[in-house]
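See structure below.
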Amino acid sequence: MENPSILVDVLVARPAIIYEVLSKLTPWQNLATKDDIKQLVTKEEAKNFATKDDIKRLEVTLNALGARWGILSEDSFRQGVMEILKETGWKVDVVVLYDKTGYVYDEPSEVEVDVVVRDGRVFLIEITSSLKRGDLPIIKRKREFYERQTQRKVDQVLVVTPFIHDKYQDRVKAMAKDMGIIIVYPKPDQD
């Protein structure tokens with residue numbers, strides 16, 4: 001559930017999983033058995049089954065859907081957090097600044113920053129569906145760019161994410177700490 005792209009890898013490696021899932025969703029007496037399928041499939045008919053290219057296209061489609069879902073989830077979560085914080089007296093704003101030198105993204109672009117202010121303290125909040133190691137330098141540059149453009153010191157940078165997308169999550173956490181970035185994410189159950 002934490003990494004939807006794993007689904008495609010699993011289905012490619014173990015296509016029998018699809019059959020198992022279908023058998024749970026469909027009345028068993030209506031499903032063909034492996035023997036039924038073997039009797040129906042001749043060498044000529046076998047060419048109608050999915051190829052590696054078909055599976056690759058499916059993977060690309062699933063990844064695109066996952067990315068779109070991530071964007072919608074991030075935006076929904078951001079709106080919810082903003083509403084809650086506004087009700088508790090925090091000033092919440094989305095600031096869009098133009099970076100004409102390309103400092104943040106290595107090319108001229110708009111830089112969007114979620115800013116929360118209370119009692120003169122400034123917090124930058126980055127909400128993302130997954131955090132990769134390569135995201136941290138960009139978040140750091142966002143902070144520096146915001147401070148230069150607004151002449152306001154940022155007291156804290158927080159990244160809110162449900163998933164750290166890295167084989168070595170502890171390294172990502174250490175890297176963030178060294179950059180002065182706090183990662184807020186679900187802790188694994190300690191049962």
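Letters for chains follow the order of the structure tokens (A, B, ...), residue numbers begin at 1 for each chain, and ligand numbers begin at 1 in the order shown.
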
Tell me, as a ChimeraX atom specification, which residues lie within 9 Å of Phe145 of chain A, counting only C-alpha atoms; anything in the same chain fewer than 5 positions away does not count. /A:97,99,103-104,111,140,150

Saved selection, atoms kept: C-alpha atoms, as a PDB file, in the first residue's frame:
```
ATOM      1  CA  LEU A  97       7.463  33.555  -6.068  1.00  0.00           C
ATOM      2  CA  ASP A  99      12.717  32.454  -9.533  1.00  0.00           C
ATOM      3  CA  TYR A 103      18.140  28.874  -8.176  1.00  0.00           C
ATOM      4  CA  VAL A 104      15.564  26.373  -6.877  1.00  0.00           C
ATOM      5  CA  VAL A 111       8.258  28.437  -6.686  1.00  0.00           C
ATOM      6  CA  LYS A 140      16.431  23.495   1.273  1.00  0.00           C
ATOM      7  CA  THR A 150      10.851  38.068   1.486  1.00  0.00           C
TER       8      THR A 150
END
```

DSSP-assigned helix (DSSP H, G or I) members of segment 101-182 of chain A, reported as a list in words: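 After running DSSP on the backbone, segment 101-182 of chain A has helix (DSSP H, G or I) at Asp135, Leu136, Pro137, Ile138, Ile139, Lys140, Arg141, Lys142, Arg143, Glu144, Phe145, Tyr146, Glu147, Arg148, Gln149, Thr150, Gln169, Asp170, Arg171, Val172, Lys173, Ala174, Met175, Ala176, Lys177 and Asp178 of chain A.
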
For segment 89-91 of chain A, please output as an mmCIF file with N, CA and C atoms, in the first residue's frame all residues within 7 Å (counting only C-alpha atoms; exclusion window: fewer than 3 positions along the same chain).
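File produced: out-v2.cif:
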```
data_model
loop_
_atom_site.group_PDB
_atom_site.id
_atom_site.type_symbol
_atom_site.label_atom_id
_atom_site.label_comp_id
_atom_site.auth_asym_id
_atom_site.auth_seq_id
_atom_site.Cartn_x
_atom_site.Cartn_y
_atom_site.Cartn_z
ATOM 1 N N LEU A 85 -5.531 24.886 10.856
ATOM 2 C CA LEU A 85 -4.607 25.864 11.425
ATOM 3 C C LEU A 85 -5.217 27.265 11.483
ATOM 4 N N LYS A 86 -5.981 27.643 10.464
ATOM 5 C CA LYS A 86 -6.639 28.953 10.469
ATOM 6 C C LYS A 86 -7.568 29.084 11.669
ATOM 7 N N VAL A 116 3.295 29.010 7.161
ATOM 8 C CA VAL A 116 2.461 29.122 8.351
ATOM 9 C C VAL A 116 3.168 30.081 9.303
ATOM 10 N N VAL A 117 2.412 31.077 9.810
ATOM 11 C CA VAL A 117 3.006 32.092 10.683
ATOM 12 C C VAL A 117 2.172 32.223 11.949
ATOM 13 N N ARG A 118 2.876 32.303 13.083
ATOM 14 C CA ARG A 118 2.201 32.584 14.349
ATOM 15 C C ARG A 118 3.197 33.230 15.298
#
```

Separation of atom CA of Leu158 of chain A and atom CA of Tyr185 of chain A, in Å? 10.3 Å

Pick out the residues sitting within 10 Å of Val96 of chain A, and hand them over as number ranges by chain; count only C-alpha atoms, and ignore anything fewer than 2 positions along from it in its own chain. A: 93-94, 98-99, 110-114, 146

For Phe123 of chain A, the closest of A:Ala176, A:Val92, A:Ile164, A:Val154 counting only C-alpha atoms is A:Val154

Taking only segment 74-145 of chain A into account, list the residues labelled strand (DSSP E or B) by DSSP (computed from the backbone), as an NGL selection string. :A and (91-99 or 109-118 or 121-127 or 131)

Which residue of A:Lys187, A:Lys142, A:Lys153, A:Arg133 approaches Gln169 of chain A most closely, using only C-alpha atoms: A:Arg133

Using only C-alpha atoms, which of the listed residues (A:Val95, A:Leu58, A:Ile183, A:Met175) sits closest to Ser130 of chain A?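 Closest candidate: A:Ile183.
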
Restricting the calculation to only C-alpha atoms, which member of A:Arg121, A:Arg148, A:Lys132, A:Lys100 is positioned closest to Val172 of chain A?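 Of the candidates, the smallest distance to Val172 of chain A is held by A:Lys132.
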
Ranking A:Val115, A:Gly102, A:Glu107, A:Leu131 by minimum distance to Lys167 of chain A and counting only C-alpha atoms, which one comes first?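 Smallest distance to Lys167 of chain A is found for A:Leu131.
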